[in-house]
Amino acid sequence: MKRAYTDDHARSGVNAPLPEIETWPNQYADYEIEIVMPEFTAVCPKTGLPDFGKLVLRYIPGKRCLELKSYKMYLLAYRDLGIFQENIVNRVLGDVVKAANPVSATVIGDFTPRGGLSTLVTASWSRAQRAAIRTPGRAPRGKR
(Lines give C-alpha, C1' and ligand atoms only; values in the text may rest on other atoms or scores of the structure.)
Protein backbone atom coordinates (compact mmCIF):
# COMPACT_ATOMS: atom_id res chain seq x y z
CA MET A 1 0.00 0.00 0.00
CA LYS A 2 1.38 3.37 -1.04
CA ARG A 3 1.53 6.10 1.64
CA ALA A 4 0.35 9.47 0.41
CA TYR A 5 2.11 12.69 1.26
CA THR A 6 0.25 14.57 3.97
CA ASP A 7 0.08 18.15 5.21
CA ASP A 8 2.14 16.97 8.18
CA HIS A 9 4.89 15.85 5.78
CA ALA A 10 4.77 19.25 4.07
CA ARG A 11 5.08 21.15 7.37
CA SER A 12 7.68 18.84 8.89
CA GLY A 13 10.70 20.73 10.16
CA VAL A 14 9.45 24.15 9.10
CA ASN A 15 8.97 25.35 12.68
CA ALA A 16 11.36 23.00 14.49
CA PRO A 17 13.62 24.65 17.06
CA LEU A 18 17.16 25.12 15.75
CA PRO A 19 20.28 26.72 17.23
CA GLU A 20 20.47 30.51 17.05
CA ILE A 21 22.53 32.08 14.27
CA GLU A 22 24.75 34.66 15.95
CA THR A 23 25.98 37.83 14.26
CA TRP A 24 28.68 40.47 14.72
CA PRO A 25 28.92 44.13 13.61
CA ASN A 26 29.87 44.61 9.97
CA GLN A 27 32.68 47.10 9.31
CA TYR A 28 32.35 47.57 5.53
CA ALA A 29 29.78 48.18 2.78
CA ASP A 30 28.98 46.83 -0.66
CA TYR A 31 30.59 43.40 -0.66
CA GLU A 32 29.31 39.83 -0.90
CA ILE A 33 29.98 36.87 1.36
CA GLU A 34 29.61 33.27 0.15
CA ILE A 35 29.42 30.40 2.64
CA VAL A 36 29.38 26.83 1.32
CA MET A 37 28.40 23.70 3.24
CA PRO A 38 29.54 20.96 0.81
CA GLU A 39 28.26 18.04 2.91
CA PHE A 40 24.83 19.18 4.07
CA THR A 41 22.47 16.46 5.34
CA ALA A 42 18.85 16.28 6.42
CA VAL A 43 16.17 13.58 6.46
CA CYS A 44 13.21 13.08 4.13
CA PRO A 45 10.11 13.46 6.33
CA LYS A 46 8.21 10.78 4.42
CA THR A 47 10.76 8.03 3.90
CA GLY A 48 13.13 8.77 6.78
CA LEU A 49 16.04 8.38 4.36
CA PRO A 50 18.93 10.86 4.42
CA ASP A 51 19.16 13.71 1.92
CA PHE A 52 22.61 14.92 0.94
CA GLY A 53 23.64 18.03 -0.89
CA LYS A 54 25.60 21.22 -1.07
CA LEU A 55 24.13 24.35 0.52
CA VAL A 56 25.40 27.75 -0.64
CA LEU A 57 24.56 31.05 1.03
CA ARG A 58 25.44 34.30 -0.75
CA TYR A 59 24.63 37.53 1.04
CA ILE A 60 25.45 41.20 1.08
CA PRO A 61 25.65 42.16 4.74
CA GLY A 62 23.96 45.19 6.17
CA LYS A 63 24.94 46.15 9.72
CA ARG A 64 25.54 42.52 10.82
CA CYS A 65 27.56 39.53 9.54
CA LEU A 66 26.90 35.89 10.35
CA GLU A 67 29.19 34.30 12.90
CA LEU A 68 30.46 31.20 11.10
CA LYS A 69 30.61 28.70 13.96
CA SER A 70 27.02 29.40 15.00
CA TYR A 71 25.90 29.16 11.35
CA LYS A 72 27.70 25.82 11.05
CA MET A 73 26.05 24.51 14.22
CA TYR A 74 22.68 25.72 12.89
CA LEU A 75 23.19 23.81 9.62
CA LEU A 76 24.40 20.68 11.43
CA ALA A 77 21.13 20.63 13.39
CA TYR A 78 19.34 19.68 10.15
CA ARG A 79 21.17 16.33 10.19
CA ASP A 80 18.37 14.58 12.12
CA LEU A 81 15.53 16.86 11.06
CA GLY A 82 12.76 15.55 8.79
CA ILE A 83 12.22 18.35 6.24
CA PHE A 84 11.72 18.61 2.49
CA GLN A 85 14.55 20.03 0.38
CA GLU A 86 12.47 23.00 -0.75
CA ASN A 87 11.64 23.81 2.86
CA ILE A 88 15.31 23.58 3.86
CA VAL A 89 16.35 26.28 1.42
CA ASN A 90 13.47 28.60 2.30
CA ARG A 91 13.87 28.03 6.05
CA VAL A 92 17.61 28.76 5.94
CA LEU A 93 16.96 31.93 3.95
CA GLY A 94 14.30 33.11 6.40
CA ASP A 95 16.46 32.37 9.43
CA VAL A 96 19.48 34.18 7.92
CA VAL A 97 17.34 37.23 7.10
CA LYS A 98 15.87 37.22 10.61
CA ALA A 99 19.31 36.96 12.24
CA ALA A 100 21.31 39.44 10.15
CA ASN A 101 18.87 41.58 8.11
CA PRO A 102 21.21 41.57 5.10
CA VAL A 103 20.88 43.88 2.09
CA SER A 104 20.19 40.74 0.05
CA ALA A 105 20.61 36.99 0.39
CA THR A 106 20.33 33.89 -1.79
CA VAL A 107 20.39 30.27 -0.65
CA ILE A 108 21.01 27.49 -3.16
CA GLY A 109 20.45 23.84 -2.30
CA ASP A 110 22.07 21.45 -4.79
CA PHE A 111 20.87 18.05 -3.64
CA THR A 112 22.34 14.75 -4.79
CA PRO A 113 20.22 12.54 -7.03
CA ARG A 114 17.56 10.22 -5.64
CA GLY A 115 16.01 7.79 -8.07
CA GLY A 116 17.93 9.41 -10.92
CA LEU A 117 16.63 12.94 -10.23
CA SER A 118 18.70 15.73 -8.77
CA THR A 119 17.14 18.84 -7.25
CA LEU A 120 18.41 22.42 -7.33
CA VAL A 121 16.41 24.83 -5.16
CA THR A 122 17.13 28.59 -5.09
CA ALA A 123 15.47 31.17 -2.85
CA SER A 124 16.33 34.88 -2.73
CA TRP A 125 15.47 37.88 -0.59
CA SER A 126 16.35 41.57 -0.82
CA ARG A 127 15.41 44.66 1.12
CA ALA A 128 14.58 46.46 -2.14
CA GLN A 129 12.03 43.80 -3.13
CA ARG A 130 10.44 43.82 0.32
CA ALA A 131 10.25 47.63 0.39
CA ALA A 132 8.50 47.63 -2.99
CA ILE A 133 6.01 45.03 -1.79
CA ARG A 134 5.25 46.96 1.41
CA THR A 135 4.81 50.22 -0.51
CA PRO A 136 2.48 49.47 -3.44
CA GLY A 137 2.99 51.73 -6.42
CA ARG A 138 6.41 52.87 -5.23
CA ALA A 139 9.50 51.75 -7.15
CA PRO A 140 12.54 50.49 -5.23
CA ARG A 141 15.41 52.98 -4.75
CA GLY A 142 17.34 53.61 -7.93
CA LYS A 143 14.39 52.52 -10.09
CA ARG A 144 12.49 55.82 -10.12
# chains A, B, ... in the order shown; residues from 1 in each chain; ligands from 1

$ residues_around --residues "range 14-22 of chain A" --least-positions-apart "4" --cutoff "6 Å" --atoms "only C-alpha atoms" --output "PyMOL selection string"
chain A and resi 67+70-71+74

$ select_by_dssp --residues "range 12-105 of chain A" --states "alpha helix (DSSP H)" --output "list in words"
Leu68, Lys69, Ser70, Tyr71, Lys72, Met73, Tyr74, Leu75, Leu76, Gln85, Glu86, Asn87, Ile88, Val89, Asn90, Arg91, Val92, Leu93, Gly94, Asp95, Val96, Val97, Lys98, Ala99 and Ala100 of chain A

$ select_by_dssp --residues "chain A" --states "strand (DSSP E or B)" --output "short mmCIF file (atom, residue, chain, number, x, y, z; two decimals) with N, CA, C and O atoms, in the first residue's frame"
data_model
loop_
_atom_site.label_atom_id
_atom_site.label_comp_id
_atom_site.auth_asym_id
_atom_site.auth_seq_id
_atom_site.Cartn_x
_atom_site.Cartn_y
_atom_site.Cartn_z
N THR A 23 25.44 36.85 15.19
CA THR A 23 25.98 37.83 14.26
C THR A 23 26.99 38.73 14.97
O THR A 23 27.07 38.74 16.20
N TRP A 24 27.73 39.48 14.19
CA TRP A 24 28.68 40.47 14.72
C TRP A 24 28.62 41.71 13.84
O TRP A 24 28.19 41.64 12.69
N PRO A 25 29.04 42.88 14.37
CA PRO A 25 28.92 44.13 13.61
C PRO A 25 29.79 44.16 12.36
O PRO A 25 31.00 43.92 12.42
N ILE A 33 29.40 38.00 0.64
CA ILE A 33 29.98 36.87 1.36
C ILE A 33 29.33 35.60 0.83
O ILE A 33 28.11 35.56 0.65
N GLU A 34 30.13 34.57 0.56
CA GLU A 34 29.61 33.27 0.15
C GLU A 34 30.08 32.23 1.16
O GLU A 34 31.27 32.14 1.45
N ILE A 35 29.13 31.47 1.68
CA ILE A 35 29.42 30.40 2.64
C ILE A 35 28.89 29.10 2.03
O ILE A 35 27.73 29.03 1.66
N VAL A 36 29.75 28.10 1.95
CA VAL A 36 29.38 26.83 1.32
C VAL A 36 29.47 25.70 2.35
O VAL A 36 30.48 25.57 3.05
N MET A 37 28.41 24.93 2.43
CA MET A 37 28.40 23.70 3.24
C MET A 37 28.35 22.55 2.23
O MET A 37 27.27 22.21 1.73
N PRO A 38 29.51 21.96 1.89
CA PRO A 38 29.54 20.96 0.81
C PRO A 38 28.95 19.60 1.18
O PRO A 38 28.65 18.81 0.29
N GLU A 39 28.77 19.35 2.48
CA GLU A 39 28.26 18.04 2.91
C GLU A 39 27.05 18.21 3.81
O GLU A 39 26.97 17.67 4.91
N PHE A 40 26.06 18.95 3.32
CA PHE A 40 24.83 19.18 4.07
C PHE A 40 23.99 17.90 4.09
O PHE A 40 23.90 17.19 3.09
N THR A 41 23.37 17.61 5.24
CA THR A 41 22.47 16.46 5.34
C THR A 41 21.22 16.82 6.13
O THR A 41 21.25 17.65 7.03
N ALA A 42 20.13 16.20 5.73
CA ALA A 42 18.85 16.28 6.42
C ALA A 42 18.16 14.94 6.19
O ALA A 42 18.76 14.01 5.63
N VAL A 43 16.90 14.84 6.59
CA VAL A 43 16.17 13.58 6.46
C VAL A 43 14.85 13.85 5.73
O VAL A 43 14.16 14.82 6.03
N PRO A 50 18.14 9.62 4.40
CA PRO A 50 18.93 10.86 4.42
C PRO A 50 18.93 11.55 3.05
O PRO A 50 18.88 10.90 2.01
N ASP A 51 18.96 12.88 3.10
CA ASP A 51 19.16 13.71 1.92
C ASP A 51 20.53 14.34 2.05
O ASP A 51 20.90 14.82 3.12
N PHE A 52 21.28 14.33 0.96
CA PHE A 52 22.61 14.92 0.94
C PHE A 52 22.64 16.02 -0.10
O PHE A 52 21.92 15.96 -1.10
N GLY A 53 23.49 16.99 0.11
CA GLY A 53 23.64 18.03 -0.89
C GLY A 53 24.64 19.09 -0.47
O GLY A 53 25.27 19.00 0.58
N LYS A 54 24.75 20.07 -1.33
CA LYS A 54 25.60 21.22 -1.07
C LYS A 54 24.68 22.42 -0.86
O LYS A 54 23.78 22.67 -1.65
N LEU A 55 24.92 23.16 0.22
CA LEU A 55 24.13 24.35 0.52
C LEU A 55 25.04 25.56 0.39
O LEU A 55 26.12 25.60 1.00
N VAL A 56 24.61 26.53 -0.42
CA VAL A 56 25.40 27.75 -0.64
C VAL A 56 24.57 28.94 -0.19
O VAL A 56 23.41 29.08 -0.60
N LEU A 57 25.17 29.79 0.63
CA LEU A 57 24.56 31.05 1.03
C LEU A 57 25.42 32.17 0.47
O LEU A 57 26.63 32.20 0.70
N ARG A 58 24.78 33.08 -0.28
CA ARG A 58 25.44 34.30 -0.75
C ARG A 58 24.66 35.47 -0.18
O ARG A 58 23.44 35.54 -0.39
N TYR A 59 25.35 36.37 0.51
CA TYR A 59 24.63 37.53 1.04
C TYR A 59 25.49 38.77 1.04
O TYR A 59 26.71 38.70 1.09
N ILE A 60 24.81 39.90 0.94
CA ILE A 60 25.45 41.20 1.08
C ILE A 60 25.04 41.69 2.47
O ILE A 60 23.86 41.93 2.71
N ARG A 64 25.10 43.72 10.10
CA ARG A 64 25.54 42.52 10.82
C ARG A 64 26.06 41.47 9.84
O ARG A 64 25.56 41.35 8.73
N CYS A 65 27.05 40.69 10.27
CA CYS A 65 27.56 39.53 9.54
C CYS A 65 27.27 38.28 10.35
O CYS A 65 27.18 38.32 11.57
N LEU A 66 27.13 37.16 9.66
CA LEU A 66 26.90 35.89 10.35
C LEU A 66 28.19 35.41 11.00
O LEU A 66 29.27 35.47 10.40
N GLY A 82 13.58 15.94 9.94
CA GLY A 82 12.76 15.55 8.79
C GLY A 82 12.19 16.81 8.15
O GLY A 82 11.37 17.49 8.76
N SER A 104 20.80 41.79 0.87
CA SER A 104 20.19 40.74 0.05
C SER A 104 20.82 39.41 0.42
O SER A 104 21.91 39.35 0.99
N ALA A 105 20.11 38.34 0.09
CA ALA A 105 20.61 36.99 0.39
C ALA A 105 19.99 36.00 -0.59
O ALA A 105 18.84 36.14 -0.98
N THR A 106 20.79 35.00 -0.95
CA THR A 106 20.33 33.89 -1.79
C THR A 106 20.86 32.59 -1.19
O THR A 106 22.03 32.52 -0.80
N VAL A 107 19.99 31.60 -1.10
CA VAL A 107 20.39 30.27 -0.65
C VAL A 107 20.12 29.30 -1.79
O VAL A 107 19.03 29.31 -2.38
N ILE A 108 21.11 28.49 -2.10
CA ILE A 108 21.01 27.49 -3.16
C ILE A 108 21.25 26.12 -2.55
O ILE A 108 22.28 25.89 -1.90
N GLY A 109 20.31 25.22 -2.73
CA GLY A 109 20.45 23.84 -2.30
C GLY A 109 20.62 22.96 -3.52
O GLY A 109 19.72 22.88 -4.35
N ASP A 110 21.79 22.35 -3.67
CA ASP A 110 22.07 21.45 -4.79
C ASP A 110 22.14 20.04 -4.22
O ASP A 110 23.16 19.62 -3.68
N PHE A 111 21.00 19.34 -4.31
CA PHE A 111 20.87 18.05 -3.64
C PHE A 111 21.25 16.90 -4.57
O PHE A 111 20.97 16.94 -5.77
N THR A 112 21.88 15.88 -3.99
CA THR A 112 22.34 14.75 -4.79
C THR A 112 21.14 13.94 -5.30
O THR A 112 20.06 13.95 -4.70
N PRO A 113 21.34 13.27 -6.42
CA PRO A 113 20.22 12.54 -7.03
C PRO A 113 19.63 11.45 -6.14
O PRO A 113 20.35 10.78 -5.40
N ARG A 114 18.31 11.33 -6.24
CA ARG A 114 17.56 10.22 -5.64
C ARG A 114 16.70 9.66 -6.76
O ARG A 114 15.95 10.41 -7.40
N LEU A 117 16.98 11.52 -10.12
CA LEU A 117 16.63 12.94 -10.23
C LEU A 117 17.40 13.75 -9.21
O LEU A 117 17.41 13.43 -8.02
N SER A 118 18.04 14.82 -9.70
CA SER A 118 18.70 15.73 -8.77
C SER A 118 17.80 16.96 -8.63
O SER A 118 16.97 17.24 -9.48
N THR A 119 17.97 17.67 -7.52
CA THR A 119 17.14 18.84 -7.25
C THR A 119 18.03 20.03 -6.95
O THR A 119 18.96 19.93 -6.15
N LEU A 120 17.74 21.16 -7.59
CA LEU A 120 18.41 22.42 -7.33
C LEU A 120 17.34 23.42 -6.93
O LEU A 120 16.43 23.71 -7.70
N VAL A 121 17.42 23.91 -5.69
CA VAL A 121 16.41 24.83 -5.16
C VAL A 121 17.11 26.15 -4.83
O VAL A 121 18.13 26.15 -4.14
N THR A 122 16.56 27.26 -5.34
CA THR A 122 17.13 28.59 -5.09
C THR A 122 16.05 29.49 -4.53
O THR A 122 14.94 29.56 -5.06
N ALA A 123 16.38 30.19 -3.44
CA ALA A 123 15.47 31.17 -2.85
C ALA A 123 16.26 32.44 -2.58
O ALA A 123 17.40 32.39 -2.12
N SER A 124 15.66 33.59 -2.89
CA SER A 124 16.33 34.88 -2.73
C SER A 124 15.47 35.86 -1.98
O SER A 124 14.24 35.79 -2.01
N TRP A 125 16.13 36.82 -1.34
CA TRP A 125 15.47 37.88 -0.59
C TRP A 125 16.29 39.15 -0.75
O TRP A 125 17.53 39.08 -0.81
N SER A 126 15.63 40.30 -0.85
CA SER A 126 16.35 41.57 -0.82
C SER A 126 15.48 42.62 -0.16
O SER A 126 14.25 42.58 -0.23
#

$ atom_distance --atom1 "CA of Glu86 in chain A" --atom2 "CA of Lys63 in chain A"
28.3 Å

$ closest_residue --among "A:Tyr78, A:Cys44, A:Arg127, A:Arg91" --to "Pro61 in chain A" --atoms "only C-alpha atoms"
A:Arg127

$ closest_residue --among "A:Asn87, A:Val97, A:Gly116, A:Gly62" --to "Glu32 in chain A" --atoms "only C-alpha atoms"
A:Gly62

$ atom_distance --atom1 "CA of Val96 in chain A" --atom2 "CA of Asp8 in chain A"
24.4 Å
